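Visitor: Data file protein_5.cif (mmCIF, N, CA and C atoms) is appended below.
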data_query
#
loop_
_atom_site.label_atom_id
_atom_site.label_comp_id
_atom_site.auth_asym_id
_atom_site.auth_seq_id
_atom_site.Cartn_x
_atom_site.Cartn_y
_atom_site.Cartn_z
N MET A 1 52.16 -10.63 -23.33
CA MET A 1 51.68 -11.52 -22.31
C MET A 1 50.75 -10.76 -21.36
N ARG A 2 49.61 -11.30 -21.07
CA ARG A 2 48.59 -10.66 -20.22
C ARG A 2 48.88 -10.98 -18.76
N HIS A 3 48.77 -9.99 -17.89
CA HIS A 3 48.94 -10.19 -16.45
C HIS A 3 47.71 -10.87 -15.89
N SER A 4 47.90 -11.67 -14.84
CA SER A 4 46.76 -12.33 -14.22
C SER A 4 45.94 -11.36 -13.37
N LYS A 5 46.55 -10.33 -12.84
CA LYS A 5 45.84 -9.30 -12.08
C LYS A 5 45.77 -8.04 -12.94
N PRO A 6 44.69 -7.27 -12.80
CA PRO A 6 44.64 -6.02 -13.57
C PRO A 6 45.70 -5.05 -13.08
N LEU A 7 46.27 -4.30 -14.00
CA LEU A 7 47.19 -3.24 -13.62
C LEU A 7 46.39 -2.11 -12.98
N MET A 8 47.04 -1.26 -12.25
CA MET A 8 46.35 -0.19 -11.55
C MET A 8 45.54 0.71 -12.47
N ASN A 9 45.99 0.93 -13.70
CA ASN A 9 45.27 1.82 -14.60
C ASN A 9 44.24 1.10 -15.45
N GLU A 10 44.13 -0.22 -15.32
CA GLU A 10 43.11 -0.97 -16.05
C GLU A 10 41.83 -1.00 -15.22
N PRO A 11 40.69 -0.68 -15.81
CA PRO A 11 39.46 -0.70 -15.02
C PRO A 11 39.03 -2.13 -14.70
N ASN A 12 38.58 -2.32 -13.46
CA ASN A 12 37.96 -3.61 -13.14
C ASN A 12 36.46 -3.44 -13.34
N ASP A 13 35.70 -4.49 -13.15
CA ASP A 13 34.26 -4.45 -13.43
C ASP A 13 33.55 -3.35 -12.66
N LEU A 14 33.88 -3.16 -11.38
CA LEU A 14 33.19 -2.15 -10.58
C LEU A 14 33.56 -0.73 -11.02
N GLN A 15 34.70 -0.57 -11.66
CA GLN A 15 35.11 0.75 -12.09
C GLN A 15 34.53 1.14 -13.44
N ALA A 16 33.93 0.21 -14.15
CA ALA A 16 33.35 0.53 -15.45
C ALA A 16 32.24 1.56 -15.25
N PRO A 17 32.15 2.57 -16.13
CA PRO A 17 31.14 3.61 -15.94
C PRO A 17 29.71 3.09 -15.80
N ASP A 18 29.33 2.09 -16.59
CA ASP A 18 27.98 1.55 -16.48
C ASP A 18 27.73 0.94 -15.11
N ASP A 19 28.72 0.24 -14.57
CA ASP A 19 28.57 -0.38 -13.26
C ASP A 19 28.51 0.66 -12.15
N ARG A 20 29.29 1.70 -12.28
CA ARG A 20 29.24 2.77 -11.27
C ARG A 20 27.90 3.48 -11.31
N PHE A 21 27.38 3.72 -12.50
CA PHE A 21 26.07 4.34 -12.64
C PHE A 21 25.00 3.45 -12.02
N ARG A 22 25.03 2.17 -12.32
CA ARG A 22 24.05 1.21 -11.80
C ARG A 22 24.11 1.17 -10.28
N LEU A 23 25.32 1.13 -9.70
CA LEU A 23 25.48 1.12 -8.25
C LEU A 23 24.91 2.39 -7.63
N LEU A 24 25.17 3.52 -8.23
CA LEU A 24 24.65 4.80 -7.75
C LEU A 24 23.13 4.81 -7.77
N VAL A 25 22.54 4.41 -8.87
CA VAL A 25 21.08 4.41 -9.02
C VAL A 25 20.44 3.43 -8.04
N GLU A 26 20.98 2.24 -7.92
CA GLU A 26 20.39 1.23 -7.05
C GLU A 26 20.51 1.58 -5.57
N SER A 27 21.50 2.35 -5.20
CA SER A 27 21.67 2.70 -3.78
C SER A 27 20.99 4.00 -3.40
N ALA A 28 20.36 4.66 -4.34
CA ALA A 28 19.69 5.94 -4.06
C ALA A 28 18.51 5.73 -3.10
N PRO A 29 18.28 6.69 -2.20
CA PRO A 29 17.19 6.57 -1.23
C PRO A 29 15.83 6.99 -1.76
N MET A 30 15.72 7.17 -3.06
CA MET A 30 14.43 7.52 -3.67
C MET A 30 14.25 6.74 -4.95
N ALA A 31 13.01 6.64 -5.39
CA ALA A 31 12.71 5.93 -6.63
C ALA A 31 13.28 6.73 -7.80
N ILE A 32 13.90 6.02 -8.73
CA ILE A 32 14.44 6.64 -9.94
C ILE A 32 13.96 5.83 -11.13
N ILE A 33 13.38 6.52 -12.11
CA ILE A 33 13.00 5.86 -13.35
C ILE A 33 13.52 6.67 -14.52
N MET A 34 13.78 6.00 -15.63
CA MET A 34 14.13 6.65 -16.88
C MET A 34 13.01 6.37 -17.86
N VAL A 35 12.56 7.43 -18.52
CA VAL A 35 11.42 7.34 -19.43
C VAL A 35 11.82 7.92 -20.79
N ASP A 36 11.31 7.30 -21.87
CA ASP A 36 11.55 7.85 -23.20
C ASP A 36 10.42 8.80 -23.59
N GLN A 37 10.49 9.34 -24.80
CA GLN A 37 9.51 10.33 -25.27
C GLN A 37 8.10 9.78 -25.35
N ASN A 38 7.96 8.48 -25.47
CA ASN A 38 6.63 7.87 -25.55
C ASN A 38 6.05 7.56 -24.18
N GLY A 39 6.83 7.82 -23.13
CA GLY A 39 6.36 7.52 -21.78
C GLY A 39 6.65 6.09 -21.36
N THR A 40 7.49 5.39 -22.10
CA THR A 40 7.85 4.02 -21.76
C THR A 40 8.97 4.04 -20.72
N ILE A 41 8.80 3.27 -19.67
CA ILE A 41 9.82 3.17 -18.62
C ILE A 41 10.94 2.27 -19.13
N LEU A 42 12.15 2.82 -19.18
CA LEU A 42 13.31 2.09 -19.68
C LEU A 42 14.16 1.52 -18.56
N MET A 43 14.08 2.12 -17.39
CA MET A 43 14.88 1.70 -16.26
C MET A 43 14.16 2.13 -14.99
N ALA A 44 14.27 1.31 -13.95
CA ALA A 44 13.73 1.66 -12.64
C ALA A 44 14.66 1.04 -11.59
N ASN A 45 14.86 1.75 -10.49
CA ASN A 45 15.72 1.19 -9.45
C ASN A 45 14.90 0.41 -8.43
N ALA A 46 15.59 -0.20 -7.49
CA ALA A 46 14.94 -1.06 -6.50
C ALA A 46 14.00 -0.29 -5.58
N GLU A 47 14.25 0.98 -5.37
CA GLU A 47 13.43 1.78 -4.44
C GLU A 47 12.00 1.97 -4.95
N VAL A 48 11.74 1.73 -6.23
CA VAL A 48 10.36 1.84 -6.73
C VAL A 48 9.44 0.87 -6.01
N GLN A 49 9.99 -0.25 -5.53
CA GLN A 49 9.14 -1.20 -4.82
C GLN A 49 8.65 -0.62 -3.49
N ASN A 50 9.52 0.08 -2.77
CA ASN A 50 9.10 0.71 -1.51
C ASN A 50 8.13 1.85 -1.75
N THR A 51 8.30 2.56 -2.84
CA THR A 51 7.47 3.72 -3.13
C THR A 51 6.13 3.34 -3.76
N PHE A 52 6.18 2.48 -4.78
CA PHE A 52 4.98 2.19 -5.56
C PHE A 52 4.46 0.76 -5.42
N GLY A 53 5.27 -0.13 -4.85
CA GLY A 53 4.82 -1.52 -4.69
C GLY A 53 5.15 -2.42 -5.87
N TYR A 54 5.73 -1.87 -6.91
CA TYR A 54 6.13 -2.67 -8.08
C TYR A 54 7.61 -3.01 -7.98
N LYS A 55 7.97 -4.20 -8.40
CA LYS A 55 9.38 -4.51 -8.58
C LYS A 55 9.83 -3.78 -9.84
N ALA A 56 11.09 -3.43 -9.90
CA ALA A 56 11.61 -2.68 -11.04
C ALA A 56 11.30 -3.37 -12.36
N LEU A 57 11.46 -4.68 -12.42
CA LEU A 57 11.24 -5.39 -13.68
C LEU A 57 9.77 -5.40 -14.10
N GLU A 58 8.86 -5.16 -13.16
CA GLU A 58 7.44 -5.07 -13.52
C GLU A 58 7.15 -3.77 -14.28
N LEU A 59 8.00 -2.77 -14.11
CA LEU A 59 7.77 -1.47 -14.73
C LEU A 59 8.46 -1.31 -16.08
N VAL A 60 9.62 -1.91 -16.24
CA VAL A 60 10.40 -1.72 -17.46
C VAL A 60 9.60 -2.22 -18.66
N GLY A 61 9.50 -1.34 -19.66
CA GLY A 61 8.75 -1.64 -20.88
C GLY A 61 7.29 -1.23 -20.81
N LYS A 62 6.85 -0.78 -19.64
CA LYS A 62 5.46 -0.36 -19.46
C LYS A 62 5.36 1.16 -19.51
N SER A 63 4.14 1.66 -19.61
CA SER A 63 3.90 3.10 -19.64
C SER A 63 4.04 3.70 -18.25
N VAL A 64 4.66 4.86 -18.19
CA VAL A 64 4.78 5.57 -16.92
C VAL A 64 3.40 5.94 -16.37
N ASP A 65 2.39 5.94 -17.22
CA ASP A 65 1.03 6.25 -16.77
C ASP A 65 0.54 5.31 -15.68
N MET A 66 1.12 4.13 -15.56
CA MET A 66 0.67 3.22 -14.51
C MET A 66 1.03 3.74 -13.12
N LEU A 67 1.91 4.74 -13.04
CA LEU A 67 2.29 5.35 -11.77
C LEU A 67 1.57 6.68 -11.53
N VAL A 68 0.68 7.03 -12.46
CA VAL A 68 -0.03 8.31 -12.42
C VAL A 68 -1.47 8.05 -11.97
N PRO A 69 -1.98 8.83 -11.02
CA PRO A 69 -3.37 8.65 -10.58
C PRO A 69 -4.36 8.79 -11.74
N ASP A 70 -5.47 8.07 -11.64
CA ASP A 70 -6.49 8.08 -12.69
C ASP A 70 -6.95 9.50 -13.03
N SER A 71 -7.06 10.36 -12.00
CA SER A 71 -7.57 11.72 -12.22
C SER A 71 -6.62 12.57 -13.06
N VAL A 72 -5.35 12.23 -13.08
CA VAL A 72 -4.33 13.02 -13.81
C VAL A 72 -3.98 12.37 -15.14
N ARG A 73 -4.22 11.09 -15.27
CA ARG A 73 -3.76 10.33 -16.44
C ARG A 73 -4.14 10.96 -17.78
N PRO A 74 -5.39 11.47 -17.97
CA PRO A 74 -5.72 12.05 -19.28
C PRO A 74 -4.84 13.25 -19.67
N LYS A 75 -4.34 13.99 -18.68
CA LYS A 75 -3.50 15.15 -18.95
C LYS A 75 -2.01 14.81 -19.01
N HIS A 76 -1.65 13.65 -18.49
CA HIS A 76 -0.23 13.33 -18.33
C HIS A 76 0.52 13.26 -19.65
N SER A 77 -0.10 12.72 -20.68
CA SER A 77 0.56 12.64 -21.99
C SER A 77 0.95 14.03 -22.48
N GLY A 78 0.07 15.00 -22.27
CA GLY A 78 0.38 16.38 -22.65
C GLY A 78 1.54 16.95 -21.86
N PHE A 79 1.59 16.64 -20.55
CA PHE A 79 2.71 17.09 -19.72
C PHE A 79 4.02 16.51 -20.24
N LEU A 80 3.98 15.22 -20.59
CA LEU A 80 5.18 14.54 -21.08
C LEU A 80 5.65 15.15 -22.39
N GLN A 81 4.73 15.38 -23.32
CA GLN A 81 5.10 15.97 -24.60
C GLN A 81 5.62 17.39 -24.44
N SER A 82 5.02 18.16 -23.53
CA SER A 82 5.51 19.53 -23.25
C SER A 82 6.92 19.49 -22.71
N PHE A 83 7.18 18.52 -21.82
CA PHE A 83 8.52 18.42 -21.25
C PHE A 83 9.55 18.13 -22.34
N PHE A 84 9.27 17.16 -23.21
CA PHE A 84 10.23 16.81 -24.25
C PHE A 84 10.34 17.89 -25.32
N ALA A 85 9.31 18.70 -25.52
CA ALA A 85 9.39 19.80 -26.48
C ALA A 85 10.34 20.88 -25.98
N LYS A 86 10.40 21.06 -24.67
CA LYS A 86 11.29 22.05 -24.07
C LYS A 86 11.89 21.44 -22.80
N PRO A 87 12.82 20.49 -22.97
CA PRO A 87 13.37 19.80 -21.80
C PRO A 87 14.26 20.69 -20.96
N GLU A 88 13.94 20.78 -19.70
CA GLU A 88 14.80 21.50 -18.76
C GLU A 88 14.62 20.88 -17.39
N ARG A 89 15.69 21.00 -16.60
CA ARG A 89 15.65 20.44 -15.25
C ARG A 89 14.52 21.04 -14.45
N ARG A 90 13.90 20.19 -13.66
CA ARG A 90 12.89 20.67 -12.72
C ARG A 90 13.30 20.18 -11.35
N ALA A 91 13.48 21.13 -10.44
CA ALA A 91 13.94 20.80 -9.09
C ALA A 91 12.86 20.07 -8.30
N MET A 92 13.28 19.33 -7.32
CA MET A 92 12.38 18.62 -6.43
C MET A 92 11.42 19.60 -5.78
N GLY A 93 10.14 19.31 -5.87
CA GLY A 93 9.13 20.14 -5.22
C GLY A 93 8.76 21.40 -5.97
N ALA A 94 9.33 21.61 -7.13
CA ALA A 94 9.04 22.84 -7.87
C ALA A 94 7.69 22.73 -8.57
N GLY A 95 6.89 23.71 -8.36
CA GLY A 95 5.67 23.78 -9.15
C GLY A 95 4.39 23.47 -8.44
N ARG A 96 4.07 22.22 -8.20
CA ARG A 96 2.73 21.88 -7.77
C ARG A 96 2.72 20.64 -6.88
N ASP A 97 1.57 20.42 -6.24
CA ASP A 97 1.37 19.19 -5.48
C ASP A 97 1.17 18.05 -6.45
N LEU A 98 1.88 16.98 -6.24
CA LEU A 98 1.80 15.83 -7.13
C LEU A 98 1.42 14.59 -6.34
N ALA A 99 0.85 13.64 -7.04
CA ALA A 99 0.50 12.36 -6.44
C ALA A 99 0.92 11.24 -7.37
N GLY A 100 1.23 10.11 -6.78
CA GLY A 100 1.55 8.91 -7.54
C GLY A 100 0.50 7.85 -7.25
N ARG A 101 0.54 6.80 -8.04
CA ARG A 101 -0.41 5.69 -7.89
C ARG A 101 0.38 4.42 -7.61
N ARG A 102 0.07 3.79 -6.48
CA ARG A 102 0.72 2.54 -6.10
C ARG A 102 0.10 1.36 -6.87
N LYS A 103 0.78 0.23 -6.79
CA LYS A 103 0.31 -0.99 -7.43
C LYS A 103 -1.09 -1.37 -6.96
N ASP A 104 -1.39 -1.11 -5.68
CA ASP A 104 -2.71 -1.47 -5.15
C ASP A 104 -3.79 -0.44 -5.50
N GLY A 105 -3.42 0.59 -6.26
CA GLY A 105 -4.38 1.61 -6.69
C GLY A 105 -4.47 2.81 -5.77
N SER A 106 -3.88 2.72 -4.59
CA SER A 106 -3.91 3.86 -3.67
C SER A 106 -2.98 4.96 -4.16
N GLU A 107 -3.25 6.18 -3.71
CA GLU A 107 -2.43 7.33 -4.10
C GLU A 107 -1.51 7.72 -2.96
N LEU A 108 -0.40 8.34 -3.31
CA LEU A 108 0.54 8.85 -2.33
C LEU A 108 1.05 10.20 -2.78
N PRO A 109 1.31 11.11 -1.83
CA PRO A 109 1.88 12.40 -2.22
C PRO A 109 3.36 12.22 -2.55
N ILE A 110 3.79 12.83 -3.65
CA ILE A 110 5.17 12.70 -4.08
C ILE A 110 5.72 14.05 -4.53
N GLU A 111 7.03 14.11 -4.56
CA GLU A 111 7.75 15.20 -5.22
C GLU A 111 8.60 14.55 -6.29
N ILE A 112 8.74 15.23 -7.40
CA ILE A 112 9.50 14.70 -8.52
C ILE A 112 10.49 15.75 -9.02
N ALA A 113 11.74 15.33 -9.16
CA ALA A 113 12.74 16.14 -9.85
C ALA A 113 12.96 15.49 -11.20
N LEU A 114 13.02 16.31 -12.24
CA LEU A 114 13.22 15.79 -13.60
C LEU A 114 14.54 16.28 -14.15
N ASN A 115 15.24 15.39 -14.83
CA ASN A 115 16.51 15.75 -15.44
C ASN A 115 16.54 15.18 -16.86
N PRO A 116 16.49 16.05 -17.88
CA PRO A 116 16.57 15.54 -19.25
C PRO A 116 17.99 15.08 -19.55
N ILE A 117 18.10 14.01 -20.29
CA ILE A 117 19.41 13.53 -20.73
C ILE A 117 19.31 13.15 -22.20
N GLN A 118 20.41 13.28 -22.89
CA GLN A 118 20.48 12.90 -24.30
C GLN A 118 21.27 11.61 -24.39
N THR A 119 20.73 10.61 -25.02
CA THR A 119 21.42 9.34 -25.20
C THR A 119 21.57 9.08 -26.69
N PRO A 120 22.42 8.12 -27.07
CA PRO A 120 22.53 7.78 -28.49
C PRO A 120 21.19 7.33 -29.09
N GLU A 121 20.30 6.81 -28.23
CA GLU A 121 18.99 6.34 -28.69
C GLU A 121 17.96 7.46 -28.73
N GLY A 122 18.31 8.64 -28.24
CA GLY A 122 17.38 9.76 -28.24
C GLY A 122 17.22 10.36 -26.86
N PRO A 123 16.36 11.37 -26.75
CA PRO A 123 16.19 12.04 -25.47
C PRO A 123 15.46 11.15 -24.47
N ARG A 124 15.85 11.32 -23.22
CA ARG A 124 15.25 10.59 -22.11
C ARG A 124 15.07 11.56 -20.96
N VAL A 125 14.29 11.15 -19.98
CA VAL A 125 14.18 11.93 -18.76
C VAL A 125 14.39 10.99 -17.58
N LEU A 126 15.23 11.45 -16.65
CA LEU A 126 15.39 10.75 -15.39
C LEU A 126 14.48 11.43 -14.39
N ALA A 127 13.63 10.64 -13.75
CA ALA A 127 12.72 11.16 -12.74
C ALA A 127 13.16 10.63 -11.38
N PHE A 128 13.38 11.53 -10.45
CA PHE A 128 13.75 11.20 -9.08
C PHE A 128 12.50 11.47 -8.25
N ILE A 129 11.96 10.42 -7.64
CA ILE A 129 10.64 10.50 -7.02
C ILE A 129 10.76 10.24 -5.52
N ALA A 130 10.28 11.18 -4.72
CA ALA A 130 10.31 11.05 -3.26
C ALA A 130 8.89 10.93 -2.73
N ASP A 131 8.66 9.93 -1.91
CA ASP A 131 7.39 9.76 -1.19
C ASP A 131 7.42 10.74 -0.02
N ILE A 132 6.47 11.68 -0.01
CA ILE A 132 6.45 12.70 1.05
C ILE A 132 5.28 12.50 2.01
N THR A 133 4.81 11.26 2.13
CA THR A 133 3.69 10.95 3.01
C THR A 133 3.96 11.38 4.44
N GLU A 134 5.10 11.03 4.98
CA GLU A 134 5.43 11.36 6.39
C GLU A 134 5.54 12.86 6.59
N ARG A 135 6.12 13.57 5.63
CA ARG A 135 6.23 15.02 5.75
C ARG A 135 4.83 15.65 5.77
N ARG A 136 3.95 15.18 4.89
CA ARG A 136 2.58 15.71 4.86
C ARG A 136 1.87 15.46 6.18
N LYS A 137 2.04 14.27 6.74
CA LYS A 137 1.41 13.97 8.03
C LYS A 137 1.90 14.90 9.13
N SER A 138 3.20 15.18 9.16
CA SER A 138 3.74 16.07 10.19
C SER A 138 3.28 17.52 9.96
N GLU A 139 3.13 17.92 8.70
CA GLU A 139 2.63 19.27 8.40
C GLU A 139 1.18 19.43 8.86
N GLU A 140 0.42 18.36 8.75
CA GLU A 140 -0.99 18.42 9.14
C GLU A 140 -1.17 18.46 10.66
N ARG A 141 -0.17 17.97 11.42
CA ARG A 141 -0.27 17.97 12.88
C ARG A 141 -0.12 19.32 13.47
#
Render the structure in this file as structure tokens.
Guide:
Amino acid sequence: MRHSKPLMNEPNDLQAPDDRFRLLVESAPMAIIMVDQNGTILMANAEVQNTFGYKALELVGKSVDMLVPDSVRPKHSGFLQSFFAKPERRAMGAGRDLAGRRKDGSELPIEIALNPIQTPEGPRVLAFIADITERRKSEER
């Protein structure tokens, strides 16, 4: 006989690993996207709208290149392939000055942390993206 209430050791919906992951990603204070080896965006959190102007669902299934400035886009595919050839974590702000491209075409200074993950469907990368516009303005003052 099944109990009407879950037992203490039975997971409820919020305790399911997928739901906890989704809650964590959606509540993050920075844009988070998951990209496959082809550069296709598989997941994006709500913060992408504040950072890039796109709703998350506008990005899923599209190329990550839409978030890359025109001046960098020709090289970006090579960067992506290099990353997947030798996937390793990249800390926030490590390496170089980066820029993103908003929905309206304007550019913004960003920092990106990359974290490779292995899924049953193949390798993926989680990108944690911070808009550093305000920091740059204060540095210039």
Visitor: Using DSSP assignments from the backbone, pull out every residue in chain A that falls under alpha helix (DSSP H) and give it to me as a PyMOL selection string.
Guide: chain A and resi 17-26+47-52+56-59+73-85+133-140
Visitor: Expanded to explicit residues, what is the PyMOL selection byres ((chain A and resi 35-47) around 7) for this file, as a PDB file with N, CA and C atoms, in the coordinates of the input?
Guide:
ATOM      1  N   VAL A  25      22.540   4.410  -8.870  1.00  0.00           N
ATOM      2  CA  VAL A  25      21.080   4.410  -9.020  1.00  0.00           C
ATOM      3  C   VAL A  25      20.440   3.430  -8.040  1.00  0.00           C
ATOM      4  N   GLU A  26      20.980   2.240  -7.920  1.00  0.00           N
ATOM      5  CA  GLU A  26      20.390   1.230  -7.050  1.00  0.00           C
ATOM      6  C   GLU A  26      20.510   1.580  -5.570  1.00  0.00           C
ATOM      7  N   SER A  27      21.500   2.350  -5.200  1.00  0.00           N
ATOM      8  CA  SER A  27      21.670   2.700  -3.780  1.00  0.00           C
ATOM      9  C   SER A  27      20.990   4.000  -3.400  1.00  0.00           C
ATOM     10  N   ALA A  28      20.360   4.660  -4.340  1.00  0.00           N
ATOM     11  CA  ALA A  28      19.690   5.940  -4.060  1.00  0.00           C
ATOM     12  C   ALA A  28      18.510   5.730  -3.100  1.00  0.00           C
ATOM     13  N   PRO A  29      18.280   6.690  -2.200  1.00  0.00           N
ATOM     14  CA  PRO A  29      17.190   6.570  -1.230  1.00  0.00           C
ATOM     15  C   PRO A  29      15.830   6.990  -1.760  1.00  0.00           C
ATOM     16  N   MET A  30      15.720   7.170  -3.060  1.00  0.00           N
ATOM     17  CA  MET A  30      14.430   7.520  -3.670  1.00  0.00           C
ATOM     18  C   MET A  30      14.250   6.740  -4.950  1.00  0.00           C
ATOM     19  N   ALA A  31      13.010   6.640  -5.390  1.00  0.00           N
ATOM     20  CA  ALA A  31      12.710   5.930  -6.630  1.00  0.00           C
ATOM     21  C   ALA A  31      13.280   6.730  -7.800  1.00  0.00           C
ATOM     22  N   ILE A  32      13.900   6.020  -8.730  1.00  0.00           N
ATOM     23  CA  ILE A  32      14.440   6.640  -9.940  1.00  0.00           C
ATOM     24  C   ILE A  32      13.960   5.830 -11.130  1.00  0.00           C
ATOM     25  N   ILE A  33      13.380   6.520 -12.110  1.00  0.00           N
ATOM     26  CA  ILE A  33      13.000   5.860 -13.350  1.00  0.00           C
ATOM     27  C   ILE A  33      13.520   6.670 -14.520  1.00  0.00           C
ATOM     28  N   MET A  34      13.780   6.000 -15.630  1.00  0.00           N
ATOM     29  CA  MET A  34      14.130   6.650 -16.880  1.00  0.00           C
ATOM     30  C   MET A  34      13.010   6.370 -17.860  1.00  0.00           C
ATOM     31  N   VAL A  48      11.740   1.730  -6.230  1.00  0.00           N
ATOM     32  CA  VAL A  48      10.360   1.840  -6.730  1.00  0.00           C
ATOM     33  C   VAL A  48       9.440   0.870  -6.010  1.00  0.00           C
ATOM     34  N   GLN A  49       9.990  -0.250  -5.530  1.00  0.00           N
ATOM     35  CA  GLN A  49       9.140  -1.200  -4.820  1.00  0.00           C
ATOM     36  C   GLN A  49       8.650  -0.620  -3.490  1.00  0.00           C
ATOM     37  N   ASN A  50       9.520   0.080  -2.770  1.00  0.00           N
ATOM     38  CA  ASN A  50       9.100   0.710  -1.510  1.00  0.00           C
ATOM     39  C   ASN A  50       8.130   1.850  -1.750  1.00  0.00           C
ATOM     40  N   THR A  51       8.300   2.560  -2.840  1.00  0.00           N
ATOM     41  CA  THR A  51       7.470   3.720  -3.130  1.00  0.00           C
ATOM     42  C   THR A  51       6.130   3.340  -3.760  1.00  0.00           C
ATOM     43  N   PHE A  52       6.180   2.480  -4.780  1.00  0.00           N
ATOM     44  CA  PHE A  52       4.980   2.190  -5.560  1.00  0.00           C
ATOM     45  C   PHE A  52       4.460   0.760  -5.420  1.00  0.00           C
ATOM     46  N   LYS A  55       7.970  -4.200  -8.400  1.00  0.00           N
ATOM     47  CA  LYS A  55       9.380  -4.510  -8.580  1.00  0.00           C
ATOM     48  C   LYS A  55       9.830  -3.780  -9.840  1.00  0.00           C
ATOM     49  N   ALA A  56      11.090  -3.430  -9.900  1.00  0.00           N
ATOM     50  CA  ALA A  56      11.610  -2.680 -11.040  1.00  0.00           C
ATOM     51  C   ALA A  56      11.300  -3.370 -12.360  1.00  0.00           C
ATOM     52  N   LEU A  57      11.460  -4.680 -12.420  1.00  0.00           N
ATOM     53  CA  LEU A  57      11.240  -5.390 -13.680  1.00  0.00           C
ATOM     54  C   LEU A  57       9.770  -5.400 -14.100  1.00  0.00           C
ATOM     55  N   LEU A  59       8.000  -2.770 -14.110  1.00  0.00           N
ATOM     56  CA  LEU A  59       7.770  -1.470 -14.730  1.00  0.00           C
ATOM     57  C   LEU A  59       8.460  -1.310 -16.080  1.00  0.00           C
ATOM     58  N   VAL A  60       9.620  -1.910 -16.240  1.00  0.00           N
ATOM     59  CA  VAL A  60      10.400  -1.720 -17.460  1.00  0.00           C
ATOM     60  C   VAL A  60       9.600  -2.220 -18.660  1.00  0.00           C
ATOM     61  N   GLY A  61       9.500  -1.340 -19.660  1.00  0.00           N
ATOM     62  CA  GLY A  61       8.750  -1.640 -20.880  1.00  0.00           C
ATOM     63  C   GLY A  61       7.290  -1.230 -20.810  1.00  0.00           C
ATOM     64  N   LYS A  62       6.850  -0.780 -19.640  1.00  0.00           N
ATOM     65  CA  LYS A  62       5.460  -0.360 -19.460  1.00  0.00           C
ATOM     66  C   LYS A  62       5.360   1.160 -19.510  1.00  0.00           C
ATOM     67  N   SER A  63       4.140   1.660 -19.610  1.00  0.00           N
ATOM     68  CA  SER A  63       3.900   3.100 -19.640  1.00  0.00           C
ATOM     69  C   SER A  63       4.040   3.700 -18.250  1.00  0.00           C
ATOM     70  N   VAL A  64       4.660   4.860 -18.190  1.00  0.00           N
ATOM     71  CA  VAL A  64       4.780   5.570 -16.920  1.00  0.00           C
ATOM     72  C   VAL A  64       3.400   5.940 -16.370  1.00  0.00           C
ATOM     73  N   ASP A  65       2.390   5.940 -17.220  1.00  0.00           N
ATOM     74  CA  ASP A  65       1.030   6.250 -16.770  1.00  0.00           C
ATOM     75  C   ASP A  65       0.540   5.310 -15.680  1.00  0.00           C
ATOM     76  N   LEU A  80       3.980  15.220 -20.590  1.00  0.00           N
ATOM     77  CA  LEU A  80       5.180  14.540 -21.080  1.00  0.00           C
ATOM     78  C   LEU A  80       5.650  15.150 -22.390  1.00  0.00           C
ATOM     79  N   GLN A  81       4.730  15.380 -23.320  1.00  0.00           N
ATOM     80  CA  GLN A  81       5.100  15.970 -24.600  1.00  0.00           C
ATOM     81  C   GLN A  81       5.620  17.390 -24.440  1.00  0.00           C
ATOM     82  N   PHE A  84       9.270  17.160 -23.210  1.00  0.00           N
ATOM     83  CA  PHE A  84      10.230  16.810 -24.250  1.00  0.00           C
ATOM     84  C   PHE A  84      10.340  17.890 -25.320  1.00  0.00           C
ATOM     85  N   PRO A 123      16.360  11.370 -26.750  1.00  0.00           N
ATOM     86  CA  PRO A 123      16.190  12.040 -25.470  1.00  0.00           C
ATOM     87  C   PRO A 123      15.460  11.150 -24.470  1.00  0.00           C
ATOM     88  N   ARG A 124      15.850  11.320 -23.220  1.00  0.00           N
ATOM     89  CA  ARG A 124      15.250  10.590 -22.110  1.00  0.00           C
ATOM     90  C   ARG A 124      15.070  11.560 -20.960  1.00  0.00           C
ATOM     91  N   VAL A 125      14.290  11.150 -19.980  1.00  0.00           N
ATOM     92  CA  VAL A 125      14.180  11.930 -18.760  1.00  0.00           C
ATOM     93  C   VAL A 125      14.390  10.990 -17.580  1.00  0.00           C
ATOM     94  N   LEU A 126      15.230  11.450 -16.650  1.00  0.00           N
ATOM     95  CA  LEU A 126      15.390  10.750 -15.390  1.00  0.00           C
ATOM     96  C   LEU A 126      14.480  11.430 -14.390  1.00  0.00           C
ATOM     97  N   ALA A 127      13.630  10.640 -13.750  1.00  0.00           N
ATOM     98  CA  ALA A 127      12.720  11.160 -12.740  1.00  0.00           C
ATOM     99  C   ALA A 127      13.160  10.630 -11.380  1.00  0.00           C
TER     100      ALA A 127
END
Visitor: With the file shown as input, list the residues that the PyMOL selection byres (((chain A and resi 99 and name CA) around 8) and name CA) selects, as a compact mmCIF listing (two decimals) with N, CA and C atoms, keeping the file's coordinate frame.
Guide:
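part_18.txt was written with the following content:
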# COMPACT_ATOMS: atom_id res chain seq x y z
N VAL A 68 0.68 7.03 -12.46
CA VAL A 68 -0.03 8.31 -12.42
C VAL A 68 -1.47 8.05 -11.97
N PRO A 69 -1.98 8.83 -11.02
CA PRO A 69 -3.37 8.65 -10.58
C PRO A 69 -4.36 8.79 -11.74
N ASP A 97 1.57 20.42 -6.24
CA ASP A 97 1.37 19.19 -5.48
C ASP A 97 1.17 18.05 -6.45
N LEU A 98 1.88 16.98 -6.24
CA LEU A 98 1.80 15.83 -7.13
C LEU A 98 1.42 14.59 -6.34
N GLY A 100 1.23 10.11 -6.78
CA GLY A 100 1.55 8.91 -7.54
C GLY A 100 0.50 7.85 -7.25
N ARG A 101 0.54 6.80 -8.04
CA ARG A 101 -0.41 5.69 -7.89
C ARG A 101 0.38 4.42 -7.61
N GLU A 107 -3.25 6.18 -3.71
CA GLU A 107 -2.43 7.33 -4.10
C GLU A 107 -1.51 7.72 -2.96
N LEU A 108 -0.40 8.34 -3.31
CA LEU A 108 0.54 8.85 -2.33
C LEU A 108 1.05 10.20 -2.78
N PRO A 109 1.31 11.11 -1.83
CA PRO A 109 1.88 12.40 -2.22
C PRO A 109 3.36 12.22 -2.55
N ILE A 110 3.79 12.83 -3.65
CA ILE A 110 5.17 12.70 -4.08
C ILE A 110 5.72 14.05 -4.53
N GLU A 111 7.03 14.11 -4.56
CA GLU A 111 7.75 15.20 -5.22
C GLU A 111 8.60 14.55 -6.29
